[in-house]
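Asks: Provided below: data24.cif, containing mmCIF, C-alpha atoms.
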```cif
data_coords
loop_
_atom_site.label_atom_id
_atom_site.label_comp_id
_atom_site.auth_asym_id
_atom_site.auth_seq_id
_atom_site.Cartn_x
_atom_site.Cartn_y
_atom_site.Cartn_z
CA MET P 1 91.59 113.30 68.34
CA PRO P 2 89.78 115.39 70.96
CA ALA P 3 87.77 118.33 69.69
CA PRO P 4 89.99 121.43 69.77
CA ASP P 5 87.57 123.37 71.98
CA GLN P 6 87.40 120.56 74.54
CA PRO P 7 90.87 119.19 75.26
CA PRO P 8 90.63 116.41 77.86
CA HIS P 9 93.55 117.64 79.95
CA PRO P 10 93.78 121.37 79.33
CA ASP P 11 96.76 122.01 81.64
CA LEU P 12 99.04 119.45 80.09
CA SER P 13 101.23 119.77 77.07
CA ARG P 14 101.23 116.97 74.57
CA ALA P 15 104.69 115.90 75.69
CA GLU P 16 103.62 115.76 79.34
CA ARG P 17 100.62 113.63 78.49
CA ARG P 18 102.71 111.30 76.45
CA GLY P 19 105.28 110.94 79.23
CA ILE P 20 102.62 110.11 81.81
CA VAL P 21 100.98 107.50 79.61
CA ARG P 22 104.34 105.97 78.70
CA ASP P 23 105.18 105.61 82.42
CA ALA P 24 101.78 104.01 83.00
CA LEU P 25 102.40 101.45 80.27
CA ALA P 26 105.87 100.58 81.59
CA VAL P 27 104.44 99.90 85.04
CA ALA P 28 101.53 97.93 83.60
CA VAL P 29 103.77 95.65 81.52
CA ALA P 30 105.90 94.82 84.55
CA THR P 31 102.82 94.25 86.71
CA GLY P 32 101.34 92.02 84.06
CA ALA P 33 104.36 89.77 84.39
CA TYR P 34 103.38 88.99 87.91
CA GLY P 35 99.75 88.59 86.98
CA ILE P 36 100.92 85.49 85.12
CA SER P 37 102.34 84.07 88.34
CA PHE P 38 99.12 84.97 90.14
CA GLY P 39 96.97 83.11 87.62
CA ALA P 40 99.17 80.02 87.67
CA ILE P 41 99.44 79.97 91.45
CA ALA P 42 95.71 80.52 91.96
CA VAL P 43 94.73 77.59 89.77
CA SER P 44 97.36 75.25 91.16
CA SER P 45 96.14 76.18 94.65
CA GLY P 46 92.76 74.70 93.83
CA LEU P 47 90.79 77.64 92.45
CA SER P 48 89.03 77.31 89.12
CA ILE P 49 90.10 79.47 86.17
CA ALA P 50 86.86 81.43 86.59
CA GLN P 51 87.58 82.06 90.27
CA ALA P 52 91.13 83.21 89.52
CA CYS P 53 89.80 85.59 86.86
CA ALA P 54 87.03 86.85 89.16
CA LEU P 55 89.64 87.72 91.77
CA SER P 56 91.63 89.80 89.28
CA LEU P 57 88.54 91.42 87.76
CA LEU P 58 86.64 92.14 90.96
CA VAL P 59 89.11 92.26 93.85
CA PHE P 60 91.89 93.83 91.77
CA THR P 61 94.51 94.40 94.45
CA GLY P 62 97.46 92.06 94.19
CA ALA P 63 98.50 91.35 97.77
CA SER P 64 94.90 90.63 98.84
CA GLN P 65 94.41 88.25 95.92
CA PHE P 66 97.64 86.37 96.66
CA ALA P 67 96.65 86.19 100.34
CA LEU P 68 93.25 84.68 99.65
CA VAL P 69 94.81 82.11 97.35
CA GLY P 70 97.60 81.38 99.85
CA VAL P 71 95.15 80.65 102.66
CA VAL P 72 93.03 78.41 100.42
CA ALA P 73 96.19 76.61 99.26
CA ALA P 74 97.19 75.96 102.86
CA GLY P 75 93.83 74.27 103.43
CA GLY P 76 92.33 77.14 105.39
CA ALA P 77 88.67 78.05 105.40
CA PRO P 78 88.06 80.30 102.37
CA LEU P 79 86.48 82.91 104.64
CA SER P 80 89.65 83.29 106.68
CA GLY P 81 91.28 83.96 103.31
CA THR P 82 88.70 86.68 102.77
CA ALA P 83 89.46 88.19 106.18
CA THR P 84 93.19 88.25 105.43
CA ALA P 85 92.50 89.81 102.02
CA LEU P 86 90.42 92.55 103.62
CA LEU P 87 93.06 93.35 106.23
CA LEU P 88 95.61 93.72 103.44
CA GLY P 89 93.12 95.74 101.38
CA SER P 90 92.82 98.35 104.14
CA ARG P 91 96.02 99.91 102.79
CA ASN P 92 94.06 101.12 99.80
CA THR P 93 91.75 103.09 102.10
CA LEU P 94 94.68 105.20 103.24
CA TYR P 95 95.89 105.64 99.67
CA GLY P 96 92.41 106.96 98.86
CA LEU P 97 92.66 109.65 101.52
CA ARG P 98 95.71 111.01 99.76
CA VAL P 99 94.50 110.56 96.18
CA ALA P 100 90.98 111.99 96.66
CA PRO P 101 91.93 115.67 97.07
CA LEU P 102 94.42 115.42 94.18
CA VAL P 103 91.95 114.14 91.61
CA GLY P 104 88.81 115.78 93.02
CA TRP P 105 86.33 113.26 91.59
CA THR P 106 82.77 112.95 92.92
CA GLY P 107 79.68 110.87 92.14
CA TRP P 108 79.96 108.10 89.56
CA ARG P 109 83.50 109.13 88.63
CA ARG P 110 84.60 108.52 92.18
CA ALA P 111 82.70 105.22 92.35
CA ALA P 112 84.40 104.04 89.14
CA ALA P 113 87.85 105.34 90.09
CA ALA P 114 87.66 103.50 93.43
CA HIS P 115 88.04 100.16 91.65
CA LEU P 116 91.37 101.33 90.19
CA LEU P 117 92.78 102.51 93.54
CA ILE P 118 95.90 100.34 94.01
CA ASP P 119 99.60 100.80 94.76
CA GLU P 120 100.46 101.52 91.15
CA SER P 121 97.78 104.13 90.41
CA THR P 122 98.50 105.82 93.74
CA ALA P 123 102.24 105.98 93.10
CA MET P 124 101.74 107.40 89.61
CA SER P 125 99.33 110.12 90.78
CA VAL P 126 100.64 111.41 94.14
CA SER P 127 103.97 112.35 92.61
CA ARG P 128 102.45 114.59 89.93
CA GLY P 129 102.51 118.37 90.04
CA SER P 130 98.99 119.33 88.92
CA PRO P 131 95.46 117.93 89.30
CA ALA P 132 95.29 117.24 85.57
CA ALA P 133 98.55 115.29 85.70
CA ALA P 134 97.44 113.40 88.82
CA ARG P 135 94.17 112.43 87.15
CA LEU P 136 95.84 111.28 83.98
CA GLY P 137 98.51 109.41 85.94
CA PHE P 138 95.87 107.67 88.04
CA LEU P 139 93.59 106.73 85.17
CA SER P 140 96.19 105.69 82.64
CA THR P 141 98.06 103.58 85.19
CA GLY P 142 94.89 102.13 86.72
CA LEU P 143 93.39 101.18 83.37
CA ALA P 144 96.62 99.86 81.85
CA VAL P 145 97.39 97.74 84.91
CA PHE P 146 93.78 96.51 85.01
CA ALA P 147 93.90 95.42 81.39
CA LEU P 148 97.27 93.66 81.56
CA TRP P 149 96.73 92.20 85.04
CA ASN P 150 93.53 90.53 83.87
CA LEU P 151 94.95 89.31 80.58
CA ALA P 152 97.96 87.93 82.42
CA THR P 153 95.73 86.21 84.98
CA VAL P 154 93.82 84.38 82.24
CA GLY P 155 97.07 83.30 80.60
CA GLY P 156 98.64 82.19 83.87
CA ALA P 157 95.49 80.36 84.96
CA VAL P 158 95.15 78.45 81.69
CA ALA P 159 98.84 77.53 81.79
CA GLY P 160 98.59 76.58 85.47
CA GLU P 161 95.82 74.14 84.74
CA GLN P 162 98.05 72.18 82.36
CA LEU P 163 100.68 71.69 85.04
CA GLY P 164 99.13 69.05 87.28
CA ASP P 165 100.60 68.61 90.78
CA PRO P 166 101.90 72.06 91.77
CA ARG P 167 104.57 70.56 94.01
CA THR P 168 106.34 68.98 91.04
CA TYR P 169 107.03 72.45 89.68
CA GLY P 170 107.80 74.04 93.04
CA LEU P 171 104.74 76.27 92.84
CA ASP P 172 104.29 76.02 96.60
CA ALA P 173 107.73 77.58 97.00
CA ALA P 174 106.75 80.15 94.36
CA VAL P 175 103.80 81.27 96.49
CA ALA P 176 106.09 81.81 99.49
CA ALA P 177 108.54 83.72 97.30
CA ALA P 178 105.71 85.88 95.94
CA PHE P 179 104.72 86.91 99.46
CA LEU P 180 108.35 87.58 100.30
CA ALA P 181 108.76 89.80 97.23
CA LEU P 182 105.67 91.77 98.24
CA LEU P 183 107.03 92.13 101.77
CA TRP P 184 110.59 92.99 100.76
CA PRO P 185 110.28 96.76 100.09
CA ARG P 186 108.77 97.20 103.57
CA LEU P 187 111.71 95.60 105.35
CA ALA P 188 114.09 98.55 105.10
CA ASP P 189 112.71 99.88 108.38
CA ARG P 190 114.04 98.35 111.63
CA ARG P 191 110.73 98.29 113.44
CA ASN P 192 109.10 96.65 110.43
CA GLN P 193 111.76 93.92 110.56
CA GLY P 194 110.81 93.26 114.18
CA VAL P 195 107.10 93.17 113.37
CA ALA P 196 107.76 90.80 110.45
CA LEU P 197 109.75 88.38 112.64
CA LEU P 198 107.15 88.52 115.39
CA GLY P 199 104.28 88.04 112.93
CA ALA P 200 106.00 85.03 111.37
CA ALA P 201 106.82 83.55 114.78
CA VAL P 202 103.26 83.96 116.08
CA ALA P 203 101.86 82.36 112.93
CA LEU P 204 104.23 79.37 113.08
CA ALA P 205 103.56 78.86 116.78
CA LEU P 206 99.82 78.65 116.06
CA VAL P 207 100.06 76.32 113.04
CA PRO P 208 99.99 73.09 115.10
CA VAL P 209 97.13 74.19 117.35
CA THR P 210 94.68 76.16 115.19
CA ALA P 211 92.77 75.70 111.95
CA ALA P 212 94.62 76.73 108.79
CA GLY P 213 94.07 80.42 108.05
CA VAL P 214 93.94 81.42 111.71
CA PRO P 215 97.74 81.72 112.19
CA VAL P 216 97.99 84.41 109.52
CA LEU P 217 95.08 86.38 110.94
CA ALA P 218 96.66 86.14 114.39
CA ALA P 219 99.77 87.80 112.98
CA GLY P 220 97.53 90.75 112.17
CA ALA P 221 97.03 91.13 115.91
CA VAL P 222 100.78 91.71 116.23
CA ALA P 223 100.46 94.69 113.90
CA LEU P 224 97.51 95.97 115.90
CA LEU P 225 99.32 95.62 119.21
CA VAL P 226 102.57 97.24 118.07
CA GLY P 227 100.62 99.99 116.31
CA VAL P 228 98.62 100.84 119.42
CA LEU P 229 101.53 100.60 121.87
CA SER P 230 104.16 102.30 119.74
CA ARG P 231 104.62 106.02 120.22
CA ARG P 232 106.67 106.79 117.16
CA PRO P 233 104.89 109.09 114.74
CA ASP P 234 104.51 107.19 111.52
CA PRO P 235 102.92 109.03 108.65
CA THR P 236 101.47 106.69 106.03
CA GLU P 237 104.06 105.61 103.51
CA TYR P 238 102.71 105.94 100.01
CA PRO P 239 104.21 103.82 97.29
CA THR P 240 106.49 105.65 94.90
CA ARG P 241 107.41 104.64 91.42
CA ASP P 242 110.65 103.16 92.73
CA ASP P 243 108.59 100.60 94.67
CA LEU P 244 106.81 99.41 91.54
CA PRO P 245 107.87 96.71 89.16
CA GLY P 246 108.90 98.57 86.03
CA GLY P 247 108.90 101.89 87.86
CA GLY P 248 112.43 101.96 89.20
CA GLU P 249 114.69 100.78 86.42
CA HIS P 250 113.00 102.96 83.84
CA ARG P 251 114.77 106.29 83.19
CA MET T 1 82.38 78.22 99.52
CA THR T 2 85.35 79.48 97.55
CA TRP T 3 82.99 81.58 95.40
CA THR T 4 81.49 83.13 98.53
CA ALA T 5 84.99 83.99 99.73
CA VAL T 6 85.94 85.47 96.35
CA LEU T 7 82.81 87.60 96.06
CA LEU T 8 82.94 88.81 99.67
CA ALA T 9 86.59 89.77 99.20
CA ALA T 10 85.62 91.64 96.02
CA LEU T 11 82.85 93.57 97.76
CA GLY T 12 84.93 94.29 100.85
CA CYS T 13 88.05 95.39 98.95
CA TYR T 14 85.96 97.68 96.74
CA LEU T 15 84.25 99.28 99.74
CA LEU T 16 87.64 99.83 101.42
CA LYS T 17 88.85 101.64 98.31
CA LEU T 18 85.66 103.70 98.00
CA LEU T 19 85.81 104.61 101.69
CA GLY T 20 89.28 106.06 101.22
CA LEU T 21 88.16 108.21 98.31
CA SER T 22 84.99 109.32 100.11
CA VAL T 23 85.68 110.26 103.72
CA PRO T 24 87.46 113.47 104.70
CA ALA T 25 91.11 112.68 105.43
CA ALA T 26 90.77 113.99 109.00
CA VAL T 27 88.40 111.14 109.90
CA LEU T 28 91.07 108.47 109.48
CA GLU T 29 94.29 110.43 109.84
CA HIS T 30 95.00 109.31 113.37
CA PRO T 31 98.54 108.22 114.31
CA VAL T 32 97.36 104.84 115.63
CA VAL T 33 95.30 104.15 112.49
CA GLU T 34 98.24 105.06 110.28
CA ARG T 35 100.67 102.93 112.24
CA VAL T 36 98.39 99.90 112.29
CA ALA T 37 97.63 100.24 108.58
CA ASP T 38 101.36 100.45 107.82
CA LEU T 39 102.21 97.45 110.00
CA LEU T 40 99.35 95.16 108.93
CA PRO T 41 100.84 94.23 105.55
CA VAL T 42 104.24 93.67 107.16
CA ALA T 43 102.92 91.23 109.78
CA LEU T 44 100.46 89.49 107.45
CA LEU T 45 102.88 89.04 104.55
CA ALA T 46 105.61 87.77 106.90
CA ALA T 47 103.14 85.28 108.38
CA LEU T 48 102.09 84.20 104.89
CA VAL T 49 105.73 83.63 103.90
CA ALA T 50 106.36 81.57 107.04
CA VAL T 51 103.20 79.47 106.79
CA GLN T 52 103.59 78.88 103.08
CA ALA T 53 107.25 77.90 103.41
CA ILE T 54 107.16 75.80 106.58
CA ALA T 55 103.64 74.63 107.50
CA ASP T 56 102.30 71.37 106.10
CA GLY T 57 98.81 70.94 107.50
CA PRO T 58 99.29 71.11 111.28
CA ASP T 59 103.01 70.22 111.03
CA LEU T 60 106.09 72.38 110.63
CA VAL T 61 108.35 70.86 107.98
CA LEU T 62 111.69 72.07 106.64
CA ASP T 63 111.85 70.96 103.01
CA ALA T 64 112.50 72.10 99.45
CA ARG T 65 110.14 75.08 99.89
CA LEU T 66 112.46 76.72 102.40
CA ALA T 67 115.39 76.26 100.03
CA GLY T 68 113.31 77.97 97.36
CA VAL T 69 112.65 80.90 99.69
CA ALA T 70 116.36 81.14 100.53
CA VAL T 71 117.14 81.46 96.82
CA ALA T 72 114.38 84.08 96.58
CA VAL T 73 116.11 86.10 99.31
CA VAL T 74 119.33 86.08 97.31
CA ALA T 75 117.45 87.11 94.16
CA LEU T 76 115.76 89.97 96.05
CA LEU T 77 119.12 91.13 97.44
CA LEU T 78 120.33 91.25 93.84
CA ARG T 79 117.22 93.31 92.97
CA ALA T 80 115.84 90.76 90.54
CA PRO T 81 112.34 91.48 89.18
CA PHE T 82 109.30 89.80 90.73
CA ILE T 83 108.84 87.15 88.08
CA VAL T 84 112.51 86.11 88.31
CA VAL T 85 112.33 85.85 92.10
CA VAL T 86 109.23 83.67 91.92
CA GLY T 87 110.58 81.59 89.05
CA LEU T 88 113.91 80.88 90.77
CA ALA T 89 112.15 79.80 93.96
CA ALA T 90 109.93 77.41 92.02
CA THR T 91 112.84 76.01 90.00
CA THR T 92 114.94 75.45 93.12
CA ALA T 93 112.19 73.55 94.91
CA ALA T 94 111.32 71.53 91.81
CA LEU T 95 114.96 70.54 91.19
CA LEU T 96 115.50 69.53 94.83
CA ARG T 97 112.46 67.28 94.64
CA LEU T 98 113.85 65.58 91.54
CA LEU T 99 116.97 64.54 93.43
#
```
Re-express the file's structure as structure tokens.

Replies:
Amino acid sequence: MPAPDQPPHPDLSRAERRGIVRDALAVAVATGAYGISFGAIAVSSGLSIAQACALSLLVFTGASQFALVGVVAAGGAPLSGTATALLLGSRNTLYGLRVAPLVGWTGWRRAAAAHLLIDESTAMSVSRGSPAAARLGFLSTGLAVFALWNLATVGGAVAGEQLGDPRTYGLDAAVAAAFLALLWPRLADRRNQGVALLGAAVALALVPVTAAGVPVLAAGAVALLVGVLSRRPDPTEYPTRDDLPGGGEHR
Amino acid sequence: MTWTAVLLAALGCYLLKLLGLSVPAAVLEHPVVERVADLLPVALLAALVAVQAIADGPDLVLDARLAGVAVAVVALLLRAPFIVVVGLAATTAALLRLL
């Protein structure tokens, strides 16, 4: 119990706080479910259990982690996996621009909060009405997802190590499906569909003639080119709770 | 080598997050920056799907993986949760290889 003279979130009623935390837990449980697939896929792609866990603990942004693992699995140079992970991680920078004024953290609080800046924590804070609610939404979601994502990674990685040849269990197809599921919510837009097809085509065209890992990075150039040449105004799309596993079907 | 890649990705991804929380929004809120940042995940994820499903070393091969992805598309159209989509793709590919 917080001391009565120092409530942690003075603007929020007890019911509001409880609702925000309950939403955070629902999202975290659903996210944890795919942490299991991440752990299993990472280990069957040739990473050690420790490396899989380090990715979830230290990188802690799902698409970038899957990308690094995917490039390593395809036989690419690990550093081209890093480059792909960083390009995907640049999304979080734009989320930060939107989240920063809502939560108003500085100094060590900001440095600590930065690690938790992901789709889920962004979605559960930008939709809130007050700074106190945004802060609680961000922290409760970020911490709950962090805890379950890492637990799930350990579980998935340990299970993955028992499996042996990943092809026997179709884990190579599972990796492709995981990328597709991450891509899927972005395909509603017509221009995005075009960019996706072009990115895939460029990558496949380069597979026979370049080192593994390069084709995917080259697809990033498609995004760069279309982004620079296109005139359409395109404000950053922030994730909403409907985009999150566990966020949409709940309530 | 893999450890170097993991740790560099960790450092880089953290700095990208910290940058977003630290710079004034006006510094990065440029239409081209926003468009590119929105399109990067689309192009990269699509390329990752394609390479993962079709490339085998330097060769392009149509095999059980692509069938798994096709089943994943159906599962996504039916709004199945992530773990179900991934699980069905794996099961499909595994069963086809048993045949």

Asks: Identify all residues satisfying the PyMOL selection byres ((chain T and resi 18) around 10) in the given file; provide them as a ChimeraX atom specification.

Replies: /P:92-93,96-97,100,110-117 /T:12-17,19-23

Asks: Could you name the residues that touch Tyr169 in chain P at 8 Å or less, counting only C-alpha atoms, but leaving out those on the same chain fewer than 5 positions away, as a ChimeraX atom specification?

Replies: /P:163 /T:90-91,93-94

Asks: CA of Val84 in chain T and CA of Ala174 in chain P, how far apart in Å?

Replies: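 Interatomic distance here is 10.3 Å.
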
Asks: Output the residue selection produced by the PyMOL selection byres ((chain P and resi 184-189) around 10) on the file above, formatted as an MDAnalysis selection string.

Replies: (chainID P and resid 178:183 190:196 237 239 242:244) or (chainID T and resid 38:39 41:42 45:46 73 76:77)

Asks: Which residues are close to range 119-131 of chain P, i.e. within 6 Å by all atoms listed in the file, leaving aside same-chain residues fewer than 5 positions away? Reply as a list in words.

Replies: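 What passes the distance filter is Leu102, Val103, Gly137, Phe138, Thr141, Gly142, Pro239, Thr240 and Arg241 of chain P.
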
Asks: Extract, using only C-alpha atoms, all DNA, RNA and protein residues at most 10 Å from Ala28 in chain P, discarding same-chain residues fewer than 4 positions from it, and format them as an MDAnalysis selection string.

Replies: chainID P and resid 22:24 32:33 120:121 140:149 244:247

Asks: I'd like the interatomic distance between CA of Phe66 in chain P and CA of Phe38 in chain P, to a tenth of an Å.

Replies: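 Going from CA of Phe66 in chain P over to CA of Phe38 in chain P covers 6.8 Å.
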
Asks: Where does the PyMOL selection byres ((chain T and resi 58) around 12) land in this file, that is, which residues does it pick, as a list in words?

Replies: Ala74, Gly75, Gly76, Ala203, Leu204, Ala205, Leu206, Val207, Pro208, Val209, Thr210, Ala211, Ala212, Gly213, Val214 and Pro215 of chain P; Val51, Ile54, Ala55, Asp56, Gly57, Asp59, Leu60 and Val61 of chain T

Asks: If I put a ball of radius 12 Å at (95.7, 104.7, 113.4) in the file's coordinates, which residues poke into it when counting all atoms listed in the file, written as a PyMOL selection string?

Replies: (chain P and resi 90-91+94+223-236) or (chain T and resi 26-40)

Asks: Quick one: distance from CA of Thr153 in chain P to CA of Gln51 in chain P in Å, one decimal?

Replies: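 Separation of CA of Thr153 in chain P and CA of Gln51 in chain P: 10.6 Å.
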
Asks: Counting all atoms listed in the file, which of T:Leu99, T:Met1, T:Ile83, T:Leu11 gets nearest to Ala85 in chain P?

Replies: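 Using all atoms listed in the file, the shortest distance to Ala85 in chain P belongs to T:Leu11.
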
Asks: I need the residue nearest Trp3 in chain T from this list: P:Ala157, P:Ala67, P:Ile20, P:Ala52. Use all atoms listed in the file for the distance.

Replies: P:Ala52

Asks: Could you tell me which of P:Ala50, P:Ala133, P:Val71, P:Ala40 comes closest to Arg14 in chain P if we count only C-alpha atoms?

Replies: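 Residue with the minimum atom-to-atom distance to Arg14 in chain P: P:Ala133.
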